[in-house]
Amino acid sequence: MSRVDVRKTYKLFIGGGFPRSESGHSYAVTDSKGKFVANAALASRKDARDAVQAARKAFGGWSSRTAYNRAQILYRVAEVMEDRRPQFVDAVRQSEGLAAARAEKVVDESIDRLVWYAGWADKITQVVGNANPVAGPYFNRSTPEPTGVVAVLAPPESSLLGLVSTIAPVVVTGNTVVVVSSYDRPLPAVTFSEVLATSDVPGGVVNILTGAAATVAPWLAAHMDVNAIDLTGVAGDADLARNLEIAAAENLKRVRRAPATEPDWTQDPGIDAMTTFLETKTVWHPIGV
């Protein structure tokens, strides 16, 4: 007897849990050949607000952890991804239409990217911080600190490696994030949220919304409790990117501007993605006191 298909409807990831969308709506996700795969939640304005609230609540605890501890946690995420490697390979194959060997390489690169950023956690301060020379009997030191709550528009094409490459540098430096996943290719992001929920990442540090960036992003760009926004996910859409930058200017958000085309995520990422969402605090202290 043939089995009846069990059609999945995936939920959002907010505050460490998996709530249904407040909108009550979902949309069909298809594979690269147009075949139905699952339903994904269609995030609403209320869902975006809830995600920002969860990220803000988590920020104090996450930013106050030692860099070494954040590195351990990010490395643990990589470990859990390694354990669920076949599931990620299937998700990438379905989403991006890649051959098995290429999909395996994408998953491997994504895991390696997490490990790479984990290694930077306790080193970034040494690289971008300074002991500044001053004319007077003072110590003058500059040190980086996390910006706060960062909205990330994930790349539309690179559903896993691009996703990891935009989330990891933000959280490893002590920020919390609200992510809008690829609309057409959300399943790797959904699977990644399941990994986050079963690793050591505190609830609210990473929140993942599925839905259209053109719909959800304006609410995040204009939200007064979002401190920064990464517009990588709207690469090539100059009109939308410009409108989001204008909305972000209302509370002087830091903005990582949209590139003309989606980057090649296999290249060396450098440290710009980390330093973009860091503030610099400079402290003066009298010598001998």
# chains A, B, ... in the order shown; residues from 1 in each chain; ligands from 1
>>> residues_around(residues="A:Ala249", least_positions_apart="4", cutoff="12 Å", atoms="only C-alpha atoms", output="ChimeraX atom specification")
/A:221-224,226-229,242-245,253-255
>>> residues_around(residues="A:Val92", least_positions_apart="5", cutoff="9 Å", atoms="only C-alpha atoms", output="PyMOL selection string")
chain A and resi 87+97-98+103-104+106-107+158-160+185+187-188
>>> residues_around(residues="A:Arg20", least_positions_apart="6", cutoff="9 Å", atoms="only C-alpha atoms", output="list in words")
Tyr10, Lys11, Leu12, Phe13, Ala41 and Ala43 of chain A
>>> residues_around(residues="A:Trp120", least_positions_apart="6", cutoff="9 Å", atoms="only C-alpha atoms", output="VMD selection string")
chain A and resid 67 71 169 172 to 173 271
>>> write_last_selection(atoms="C-alpha atoms", output="PDB file, in the first residue's frame")
ATOM      1  CA  ALA A  67      34.724  35.864  23.773  1.00  0.00           C
ATOM      2  CA  ALA A  71      33.698  30.754  20.389  1.00  0.00           C
ATOM      3  CA  PRO A 169      30.277  37.306  12.083  1.00  0.00           C
ATOM      4  CA  VAL A 172      30.476  35.933  17.323  1.00  0.00           C
ATOM      5  CA  THR A 173      31.236  39.573  18.183  1.00  0.00           C
ATOM      6  CA  ILE A 271      37.018  40.621   8.908  1.00  0.00           C
TER       7      ILE A 271
END
>>> atom_distance(atom1="atom CA of A:Trp284", atom2="atom CA of A:Arg70")
27.8 Å
>>> select_by_dssp(residues="stretch 171-222 of chain A", states="alpha helix (DSSP H)", output="ChimeraX atom specification")
/A:171-172,187-197,213-222
>>> write_last_selection(atoms="N, CA and C atoms", output="CSV table (one decimal), in the first residue's frame")
chain,number,residue,atom,x,y,z
A,171,VAL,N,27.0,37.4,15.3
A,171,VAL,CA,26.8,36.9,16.7
A,171,VAL,C,28.2,36.6,17.4
A,172,VAL,N,29.2,36.3,16.7
A,172,VAL,CA,30.5,35.9,17.3
A,172,VAL,C,31.1,37.2,18.0
A,187,LEU,N,14.6,26.4,3.2
A,187,LEU,CA,14.7,25.1,4.0
A,187,LEU,C,16.1,25.0,4.7
A,188,PRO,N,17.2,25.3,4.1
A,188,PRO,CA,18.5,25.3,4.8
A,188,PRO,C,18.4,26.2,6.1
A,189,ALA,N,17.8,27.3,6.0
A,189,ALA,CA,17.6,28.2,7.2
A,189,ALA,C,16.8,27.6,8.2
A,190,VAL,N,15.7,26.9,7.8
A,190,VAL,CA,14.9,26.2,8.8
A,190,VAL,C,15.7,25.1,9.5
A,191,THR,N,16.4,24.3,8.7
A,191,THR,CA,17.2,23.2,9.3
A,191,THR,C,18.3,23.8,10.2
A,192,PHE,N,18.9,25.0,9.8
A,192,PHE,CA,19.9,25.6,10.7
A,192,PHE,C,19.2,26.1,12.0
A,193,SER,N,18.0,26.5,12.0
A,193,SER,CA,17.3,26.9,13.2
A,193,SER,C,17.1,25.8,14.1
A,194,GLU,N,16.9,24.6,13.6
A,194,GLU,CA,16.8,23.4,14.4
A,194,GLU,C,18.1,23.0,15.1
A,195,VAL,N,19.2,23.3,14.4
A,195,VAL,CA,20.5,23.1,15.0
A,195,VAL,C,20.7,24.1,16.1
A,196,LEU,N,20.4,25.3,15.9
A,196,LEU,CA,20.6,26.3,16.9
A,196,LEU,C,19.8,26.0,18.2
A,197,ALA,N,18.6,25.4,18.0
A,197,ALA,CA,17.7,25.1,19.1
A,197,ALA,C,18.2,23.9,19.9
A,213,ALA,N,11.6,39.3,1.8
A,213,ALA,CA,12.4,40.4,2.3
A,213,ALA,C,11.8,41.8,2.0
A,214,ALA,N,11.2,41.9,0.8
A,214,ALA,CA,10.6,43.1,0.4
A,214,ALA,C,9.4,43.5,1.3
A,215,THR,N,8.8,42.5,2.0
A,215,THR,CA,7.7,42.8,2.9
A,215,THR,C,8.2,43.0,4.3
A,216,VAL,N,9.1,42.1,4.8
A,216,VAL,CA,9.5,42.2,6.2
A,216,VAL,C,10.6,43.2,6.5
A,217,ALA,N,11.5,43.4,5.5
A,217,ALA,CA,12.7,44.2,5.7
A,217,ALA,C,12.3,45.7,6.1
A,218,PRO,N,11.3,46.3,5.4
A,218,PRO,CA,11.0,47.7,5.8
A,218,PRO,C,10.6,47.9,7.2
A,219,TRP,N,9.9,46.9,7.8
A,219,TRP,CA,9.6,47.0,9.2
A,219,TRP,C,10.8,46.9,10.1
A,220,LEU,N,11.8,46.1,9.7
A,220,LEU,CA,13.0,46.0,10.5
A,220,LEU,C,13.9,47.2,10.3
A,221,ALA,N,14.0,47.7,9.1
A,221,ALA,CA,14.8,48.9,8.8
A,221,ALA,C,14.3,50.1,9.6
A,222,ALA,N,13.0,50.2,9.8
A,222,ALA,CA,12.4,51.3,10.5
A,222,ALA,C,12.2,51.1,12.0
>>> residues_around(residues="A:Val178", least_positions_apart="2", cutoff="10 Å", atoms="only C-alpha atoms", output="ChimeraX atom specification")
/A:13-14,48-56,149-153,167,176,180-181,204-209,220,226,229
>>> decode(residues="stretch 111-203 of chain A", atoms="C-alpha atoms", output="JSON list (two decimals), in the first residue's frame")
[["chain", "number", "residue", "atom", "x", "y", "z"],
["A", 111, "ILE", "CA", 30.66, 24.14, 8.72],
["A", 112, "ASP", "CA", 34.24, 25.28, 8.13],
["A", 113, "ARG", "CA", 33.06, 28.90, 7.98],
["A", 114, "LEU", "CA", 31.50, 28.58, 11.45],
["A", 115, "VAL", "CA", 34.74, 27.14, 12.82],
["A", 116, "TRP", "CA", 36.71, 29.96, 11.17],
["A", 117, "TYR", "CA", 34.58, 32.65, 12.78],
["A", 118, "ALA", "CA", 34.66, 30.83, 16.13],
["A", 119, "GLY", "CA", 38.43, 31.13, 16.00],
["A", 120, "TRP", "CA", 38.15, 34.93, 15.63],
["A", 121, "ALA", "CA", 36.01, 35.43, 18.74],
["A", 122, "ASP", "CA", 38.88, 36.06, 21.16],
["A", 123, "LYS", "CA", 41.21, 37.64, 18.59],
["A", 124, "ILE", "CA", 39.19, 40.42, 16.95],
["A", 125, "THR", "CA", 39.74, 42.79, 19.90],
["A", 126, "GLN", "CA", 43.51, 42.38, 19.60],
["A", 127, "VAL", "CA", 43.38, 43.14, 15.88],
["A", 128, "VAL", "CA", 41.11, 46.20, 15.86],
["A", 129, "GLY", "CA", 41.66, 47.51, 19.41],
["A", 130, "ASN", "CA", 44.47, 49.90, 20.30],
["A", 131, "ALA", "CA", 46.61, 51.33, 23.06],
["A", 132, "ASN", "CA", 46.73, 54.90, 21.77],
["A", 133, "PRO", "CA", 49.77, 57.18, 22.26],
["A", 134, "VAL", "CA", 48.75, 60.46, 23.94],
["A", 135, "ALA", "CA", 50.66, 63.54, 25.10],
["A", 136, "GLY", "CA", 50.06, 63.34, 28.83],
["A", 137, "PRO", "CA", 50.20, 61.09, 31.90],
["A", 138, "TYR", "CA", 47.31, 58.89, 30.74],
["A", 139, "PHE", "CA", 46.54, 55.46, 29.40],
["A", 140, "ASN", "CA", 44.32, 55.72, 26.36],
["A", 141, "ARG", "CA", 42.74, 52.51, 25.08],
["A", 142, "SER", "CA", 40.23, 51.79, 22.32],
["A", 143, "THR", "CA", 38.29, 48.54, 22.38],
["A", 144, "PRO", "CA", 35.48, 47.19, 20.18],
["A", 145, "GLU", "CA", 32.02, 46.47, 21.56],
["A", 146, "PRO", "CA", 28.95, 44.93, 19.91],
["A", 147, "THR", "CA", 26.45, 47.28, 18.30],
["A", 148, "GLY", "CA", 23.30, 45.56, 19.61],
["A", 149, "VAL", "CA", 20.40, 44.05, 17.66],
["A", 150, "VAL", "CA", 21.24, 43.52, 13.99],
["A", 151, "ALA", "CA", 18.74, 42.73, 11.23],
["A", 152, "VAL", "CA", 20.21, 40.48, 8.54],
["A", 153, "LEU", "CA", 18.68, 39.97, 5.11],
["A", 154, "ALA", "CA", 20.09, 36.61, 4.08],
["A", 155, "PRO", "CA", 21.31, 36.05, 0.50],
["A", 156, "PRO", "CA", 18.53, 34.80, -1.82],
["A", 157, "GLU", "CA", 20.72, 32.39, -3.83],
["A", 158, "SER", "CA", 23.25, 30.91, -1.40],
["A", 159, "SER", "CA", 20.77, 29.40, 1.01],
["A", 160, "LEU", "CA", 23.25, 27.89, 3.46],
["A", 161, "LEU", "CA", 26.82, 29.12, 2.97],
["A", 162, "GLY", "CA", 25.61, 32.69, 2.42],
["A", 163, "LEU", "CA", 23.28, 32.39, 5.40],
["A", 164, "VAL", "CA", 26.06, 31.20, 7.72],
["A", 165, "SER", "CA", 28.45, 33.81, 6.33],
["A", 166, "THR", "CA", 26.09, 36.66, 7.28],
["A", 167, "ILE", "CA", 24.96, 35.35, 10.69],
["A", 168, "ALA", "CA", 28.24, 34.07, 12.17],
["A", 169, "PRO", "CA", 30.28, 37.31, 12.08],
["A", 170, "VAL", "CA", 27.45, 39.22, 13.74],
["A", 171, "VAL", "CA", 26.84, 36.89, 16.68],
["A", 172, "VAL", "CA", 30.48, 35.93, 17.32],
["A", 173, "THR", "CA", 31.24, 39.57, 18.18],
["A", 174, "GLY", "CA", 28.42, 39.72, 20.75],
["A", 175, "ASN", "CA", 25.47, 41.02, 18.74],
["A", 176, "THR", "CA", 22.06, 39.35, 18.48],
["A", 177, "VAL", "CA", 20.28, 38.97, 15.15],
["A", 178, "VAL", "CA", 16.93, 38.86, 13.42],
["A", 179, "VAL", "CA", 17.35, 37.09, 10.09],
["A", 180, "VAL", "CA", 15.05, 37.10, 7.07],
["A", 181, "SER", "CA", 15.88, 33.94, 5.15],
["A", 182, "SER", "CA", 15.86, 33.42, 1.39],
["A", 183, "TYR", "CA", 12.22, 33.47, 0.25],
["A", 184, "ASP", "CA", 12.58, 30.84, -2.47],
["A", 185, "ARG", "CA", 15.13, 28.73, -0.59],
["A", 186, "PRO", "CA", 14.22, 28.79, 3.12],
["A", 187, "LEU", "CA", 14.72, 25.11, 4.00],
["A", 188, "PRO", "CA", 18.46, 25.27, 4.84],
["A", 189, "ALA", "CA", 17.65, 28.20, 7.16],
["A", 190, "VAL", "CA", 14.87, 26.18, 8.80],
["A", 191, "THR", "CA", 17.24, 23.24, 9.29],
["A", 192, "PHE", "CA", 19.87, 25.62, 10.66],
["A", 193, "SER", "CA", 17.34, 26.94, 13.20],
["A", 194, "GLU", "CA", 16.76, 23.38, 14.39],
["A", 195, "VAL", "CA", 20.51, 23.08, 14.96],
["A", 196, "LEU", "CA", 20.57, 26.34, 16.92],
["A", 197, "ALA", "CA", 17.72, 25.12, 19.10],
["A", 198, "THR", "CA", 19.57, 21.91, 19.99],
["A", 199, "SER", "CA", 23.01, 23.42, 20.57],
["A", 200, "ASP", "CA", 24.16, 25.84, 23.27],
["A", 201, "VAL", "CA", 22.98, 29.09, 21.65],
["A", 202, "PRO", "CA", 20.79, 30.99, 24.15],
["A", 203, "GLY", "CA", 17.24, 31.68, 23.00]]
